[in-house]
Amino acid sequence: MVLPIKAVDGVELDLAEGKTIAEARVLDHSARLKLSWDRFVRLKAAADAVTQNVKSGKKLLDAGGYDGALALFLPEYKMDVIDRATTGGSVLNIPATDRSYDAVIAVDVLEHIEPTDRSKALEEFARVARQHVILNYPCRESKDAQELALKLTDNQLIKEHVQWELPDSDWVLADLEKYRFSGTVKPHTSIAIWLGQYVALNLAPDAALDLNRHLVENYADEPFARPLYHLVVCERLDA
């Protein structure tokens with residue numbers, strides 16, 4: 001059973017005619033509490049990195065952000081979104097000038113790009129980012145949990161995690177260094193909680209609504225023995 005990604009309420013994408021980058025407008029900030037737990041924690045981690053490194057009011061690009069849900073966590077910033085499914089644009093060819101965004105954020109995007117194209121995506125992120133590139137993706141330490149999740153749910157998104165392999169963070173940092181970016185990797189989020197809630201979300205989606213709300217409200221910052229995600233925060237050295 002494949003669970004489709006559902007656009008969250010509370011964000012509107014304003015797409016001008018002939019354009020493939022949309023402006024994200026927050027309509028209801030509280031809609032973030034309706035996100036699945038795993039999506040909430042990864043967007044929150046990326047948003048925290050933004051607020052720690054980028055001044056409010058700056059212009060951000062949510063690359064591969066689908067419905068623009070990241071904007072729910074960053075209402076004090078100007079947020080644009082590019083995504084093949086919702087705006088018709090590709091992160092492999094971003095229609096923006098060099099250094100036109102103060103930061104480019106890609107949350108759970110890199111692992112869904114074929115490995116042969118990942119370097120091109122990083123090149124585009126670095127090209128349009130004036131100061132920061134912030135990435136989040138499932139880390140290789142979660143491989144066995146990803147394989148089990150695929151076995152139990154046959155979810156297409158998890159299938160790409162397993163078949164294409166998860167990004168190697170050492171490679172990501174080295175590749176971004178070619179464009180004069182230097183960064184750090186922060187592991188985060190409990191694999192154990194993710195596995196339980198993700199299986200429930202796929203196999204019993206109605207019951208998972210209450211489960212996810214409870215997890216979001218009470219267990220968004222749980223400690224972990226092994227991480228689910230890597231948050232990569234890179235800064236341009238020649239900004």
# chains A, B, ... in the order shown; residues from 1 in each chain; ligands from 1
>>> residues_around(residues="A:Val91", least_positions_apart="3", cutoff="12 Å", atoms="only C-alpha atoms", output="tab-separated table (two decimals) with N, CA and C atoms, in the first residue's frame")
chain	number	residue	atom	x	y	z
A	20	THR	N	7.83	28.52	-12.43
A	20	THR	CA	7.90	27.22	-11.77
A	20	THR	C	8.41	27.34	-10.34
A	21	ILE	N	8.48	28.57	-9.84
A	21	ILE	CA	8.77	28.82	-8.43
A	21	ILE	C	7.58	29.58	-7.86
A	61	LEU	N	14.64	29.66	-0.25
A	61	LEU	CA	14.08	28.75	-1.25
A	61	LEU	C	13.93	27.38	-0.63
A	62	ASP	N	12.70	26.89	-0.61
A	62	ASP	CA	12.40	25.54	-0.16
A	62	ASP	C	12.45	24.65	-1.40
A	63	ALA	N	13.57	23.99	-1.59
A	63	ALA	CA	13.80	23.19	-2.80
A	63	ALA	C	13.24	21.80	-2.61
A	64	GLY	N	12.27	21.44	-3.46
A	64	GLY	CA	11.62	20.14	-3.31
A	64	GLY	C	10.66	20.09	-2.14
A	65	GLY	N	10.11	21.24	-1.77
A	65	GLY	CA	9.29	21.35	-0.56
A	65	GLY	C	7.83	20.98	-0.72
A	66	TYR	N	7.43	20.51	-1.87
A	66	TYR	CA	6.08	20.03	-2.16
A	66	TYR	C	5.02	21.09	-1.87
A	81	VAL	N	8.99	28.23	-3.12
A	81	VAL	CA	9.00	26.76	-3.22
A	81	VAL	C	9.17	26.36	-4.68
A	82	ILE	N	10.02	25.38	-4.91
A	82	ILE	CA	10.10	24.74	-6.22
A	82	ILE	C	9.98	23.24	-6.01
A	83	ASP	N	9.08	22.61	-6.76
A	83	ASP	CA	8.86	21.18	-6.61
A	83	ASP	C	8.20	20.68	-7.89
A	84	ARG	N	8.67	19.57	-8.39
A	84	ARG	CA	8.14	19.05	-9.65
A	84	ARG	C	6.64	18.77	-9.57
A	85	ALA	N	6.18	18.26	-8.41
A	85	ALA	CA	4.78	17.86	-8.28
A	85	ALA	C	3.83	19.03	-8.15
A	87	THR	N	4.80	22.75	-8.39
A	87	THR	CA	5.07	23.97	-9.16
A	87	THR	C	5.58	23.66	-10.57
A	88	GLY	N	5.89	22.39	-10.81
A	88	GLY	CA	6.37	22.01	-12.13
A	88	GLY	C	7.83	22.29	-12.36
A	94	ILE	N	17.18	25.10	-11.46
A	94	ILE	CA	16.39	26.09	-10.74
A	94	ILE	C	16.40	27.41	-11.52
A	95	PRO	N	15.24	27.92	-11.91
A	95	PRO	CA	15.18	29.16	-12.70
A	95	PRO	C	15.33	30.40	-11.82
A	96	ALA	N	16.53	30.56	-11.29
A	96	ALA	CA	16.85	31.71	-10.43
A	96	ALA	C	18.29	32.11	-10.68
A	104	VAL	N	19.14	28.20	0.84
A	104	VAL	CA	18.38	27.15	0.16
A	104	VAL	C	18.24	25.99	1.12
A	105	ILE	N	17.00	25.53	1.30
A	105	ILE	CA	16.72	24.43	2.22
A	105	ILE	C	16.09	23.29	1.44
A	106	ALA	N	16.61	22.09	1.62
A	106	ALA	CA	16.05	20.91	0.96
A	106	ALA	C	15.86	19.83	2.01
A	109	VAL	N	14.90	15.55	0.38
A	109	VAL	CA	14.85	15.67	-1.08
A	109	VAL	C	15.97	14.87	-1.72
A	110	LEU	N	17.17	14.99	-1.19
A	110	LEU	CA	18.36	14.41	-1.84
A	110	LEU	C	18.23	12.91	-2.03
A	112	HIS	N	15.69	11.25	-2.70
A	112	HIS	CA	14.72	10.93	-3.75
A	112	HIS	C	15.19	11.38	-5.13
A	113	ILE	N	16.45	11.76	-5.21
A	113	ILE	CA	17.09	12.08	-6.49
A	113	ILE	C	18.02	10.93	-6.83
A	117	ASP	N	22.39	12.04	-10.20
A	117	ASP	CA	21.97	13.43	-10.34
A	117	ASP	C	22.16	14.25	-9.05
A	118	ARG	N	22.58	13.61	-7.98
A	118	ARG	CA	22.65	14.32	-6.70
A	118	ARG	C	23.69	15.43	-6.71
A	119	SER	N	24.80	15.20	-7.38
A	119	SER	CA	25.82	16.24	-7.45
A	119	SER	C	25.29	17.47	-8.19
A	120	LYS	N	24.48	17.25	-9.22
A	120	LYS	CA	23.89	18.37	-9.95
A	120	LYS	C	22.94	19.15	-9.05
A	121	ALA	N	22.17	18.46	-8.23
A	121	ALA	CA	21.26	19.14	-7.30
A	121	ALA	C	22.05	20.00	-6.32
A	122	LEU	N	23.12	19.47	-5.77
A	122	LEU	CA	23.94	20.24	-4.83
A	122	LEU	C	24.57	21.45	-5.52
A	123	GLU	N	24.98	21.27	-6.77
A	123	GLU	CA	25.54	22.39	-7.53
A	123	GLU	C	24.51	23.51	-7.68
A	124	GLU	N	23.26	23.14	-7.96
A	124	GLU	CA	22.20	24.14	-8.11
A	124	GLU	C	21.89	24.82	-6.77
A	125	PHE	N	21.83	24.04	-5.70
A	125	PHE	CA	21.59	24.64	-4.38
A	125	PHE	C	22.68	25.66	-4.06
A	126	ALA	N	23.92	25.28	-4.31
A	126	ALA	CA	25.06	26.17	-4.01
A	126	ALA	C	25.04	27.40	-4.91
A	127	ARG	N	24.62	27.22	-6.14
A	127	ARG	CA	24.63	28.35	-7.08
A	127	ARG	C	23.65	29.44	-6.67
A	128	VAL	N	22.44	29.06	-6.26
A	128	VAL	CA	21.43	30.09	-5.98
A	128	VAL	C	21.44	30.54	-4.53
>>> select_by_dssp(residues="stretch 6-134 of chain A", states="strand (DSSP E or B)", output="number ranges by chain")
A: 11-14, 22-26, 59-63, 78-82, 101-107, 129-134
>>> closest_atom_pairs(of="stretch 8-75 of chain A", to="stretch 206-230 of chain A", cutoff="9 Å", atoms="only C-alpha atoms", output="Markdown table")
| residue | atom | partner | partner_atom | distance |
| --- | --- | --- | --- | --- |
| A:Leu33 | CA | A:Arg213 | CA | 6.5 |
| A:Lys34 | CA | A:Arg213 | CA | 6.5 |
| A:Leu35 | CA | A:Asn212 | CA | 7.5 |
| A:Ser36 | CA | A:Asn212 | CA | 5.4 |
| A:Trp37 | CA | A:Asn212 | CA | 5.2 |
| A:Asp38 | CA | A:Asn212 | CA | 8.6 |
| A:Phe40 | CA | A:Val216 | CA | 7.0 |
| A:Val41 | CA | A:Ala220 | CA | 5.9 |
| A:Arg42 | CA | A:Tyr229 | CA | 7.7 |
| A:Lys44 | CA | A:Ala220 | CA | 8.9 |
>>> closest_atom_pairs(of="stretch 90-143 of chain A", to="stretch 181-203 of chain A", cutoff="12 Å", atoms="only C-alpha atoms", output="JSON lines")
{"residue": "A:Leu122", "atom": "CA", "partner": "A:Phe181", "partner_atom": "CA", "distance": 10.7}
{"residue": "A:Glu123", "atom": "CA", "partner": "A:Phe181", "partner_atom": "CA", "distance": 10.8}
{"residue": "A:Phe125", "atom": "CA", "partner": "A:Phe181", "partner_atom": "CA", "distance": 10.8}
{"residue": "A:Ala126", "atom": "CA", "partner": "A:Phe181", "partner_atom": "CA", "distance": 7.7}
{"residue": "A:Arg127", "atom": "CA", "partner": "A:Phe181", "partner_atom": "CA", "distance": 10.6}
{"residue": "A:Ala129", "atom": "CA", "partner": "A:Phe181", "partner_atom": "CA", "distance": 10.1}
{"residue": "A:Arg130", "atom": "CA", "partner": "A:Phe181", "partner_atom": "CA", "distance": 10.5}
{"residue": "A:Gln131", "atom": "CA", "partner": "A:Phe181", "partner_atom": "CA", "distance": 8.6}
{"residue": "A:His132", "atom": "CA", "partner": "A:Phe181", "partner_atom": "CA", "distance": 8.0}
{"residue": "A:Val133", "atom": "CA", "partner": "A:Phe181", "partner_atom": "CA", "distance": 8.1}
{"residue": "A:Ile134", "atom": "CA", "partner": "A:Gly183", "partner_atom": "CA", "distance": 9.1}
{"residue": "A:Leu135", "atom": "CA", "partner": "A:Val185", "partner_atom": "CA", "distance": 9.4}
{"residue": "A:Asn136", "atom": "CA", "partner": "A:Lys186", "partner_atom": "CA", "distance": 9.4}
{"residue": "A:Tyr137", "atom": "CA", "partner": "A:Pro187", "partner_atom": "CA", "distance": 10.0}
{"residue": "A:Pro138", "atom": "CA", "partner": "A:Pro187", "partner_atom": "CA", "distance": 9.5}
{"residue": "A:Cys139", "atom": "CA", "partner": "A:Pro187", "partner_atom": "CA", "distance": 8.1}
{"residue": "A:Arg140", "atom": "CA", "partner": "A:Pro187", "partner_atom": "CA", "distance": 10.8}
{"residue": "A:Glu141", "atom": "CA", "partner": "A:Ile191", "partner_atom": "CA", "distance": 9.3}
{"residue": "A:Ser142", "atom": "CA", "partner": "A:Ile191", "partner_atom": "CA", "distance": 6.8}
{"residue": "A:Lys143", "atom": "CA", "partner": "A:Ile191", "partner_atom": "CA", "distance": 10.1}
>>> write_last_selection(atoms="C-alpha atoms", output="short mmCIF file (atom, residue, chain, number, x, y, z; two decimals), in the first residue's frame")
data_model
loop_
_atom_site.label_atom_id
_atom_site.label_comp_id
_atom_site.auth_asym_id
_atom_site.auth_seq_id
_atom_site.Cartn_x
_atom_site.Cartn_y
_atom_site.Cartn_z
CA LEU A 122 23.94 20.24 -4.83
CA GLU A 123 25.54 22.39 -7.53
CA PHE A 125 21.59 24.64 -4.38
CA ALA A 126 25.06 26.17 -4.01
CA ARG A 127 24.63 28.35 -7.08
CA ALA A 129 22.31 30.28 -2.26
CA ARG A 130 23.91 33.53 -1.15
CA GLN A 131 25.02 32.30 2.25
CA HIS A 132 23.61 28.95 3.45
CA VAL A 133 22.61 25.52 2.18
CA ILE A 134 20.63 23.47 4.69
CA LEU A 135 19.82 19.83 3.98
CA ASN A 136 18.00 17.10 5.85
CA TYR A 137 17.76 13.45 4.84
CA PRO A 138 17.57 9.96 6.38
CA CYS A 139 21.08 8.87 7.30
CA ARG A 140 22.76 5.60 6.45
CA GLU A 141 22.56 4.47 10.09
CA SER A 142 18.82 3.97 9.49
CA LYS A 143 19.27 1.52 6.60
#
>>> closest_residue(among="A:Glu111, A:Asp28, A:Asp175, A:Asp170", to="A:Ile158", atoms="only C-alpha atoms")
A:Glu111
>>> atom_distance(atom1="atom CA of A:Met79", atom2="atom CA of A:Lys6")
19.9 Å
>>> closest_residue(among="A:Arg180, A:Leu231, A:Ala204, A:Arg25", to="A:Asp48", atoms="only C-alpha atoms")
A:Leu231
>>> residues_around(residues="A:Lys78", least_positions_apart="3", cutoff="12 Å", atoms="only C-alpha atoms", output="JSON, numbers by chain")
{"A": [22, 23, 24, 25, 26, 54, 55, 56, 57, 58, 59, 60, 61, 62, 68, 70, 71, 72, 73, 74, 75, 81, 101, 102, 103, 104]}
>>> closest_residue(among="A:Leu27, A:Val232, A:Leu13, A:Leu237", to="A:Ala45", atoms="only C-alpha atoms")
A:Val232
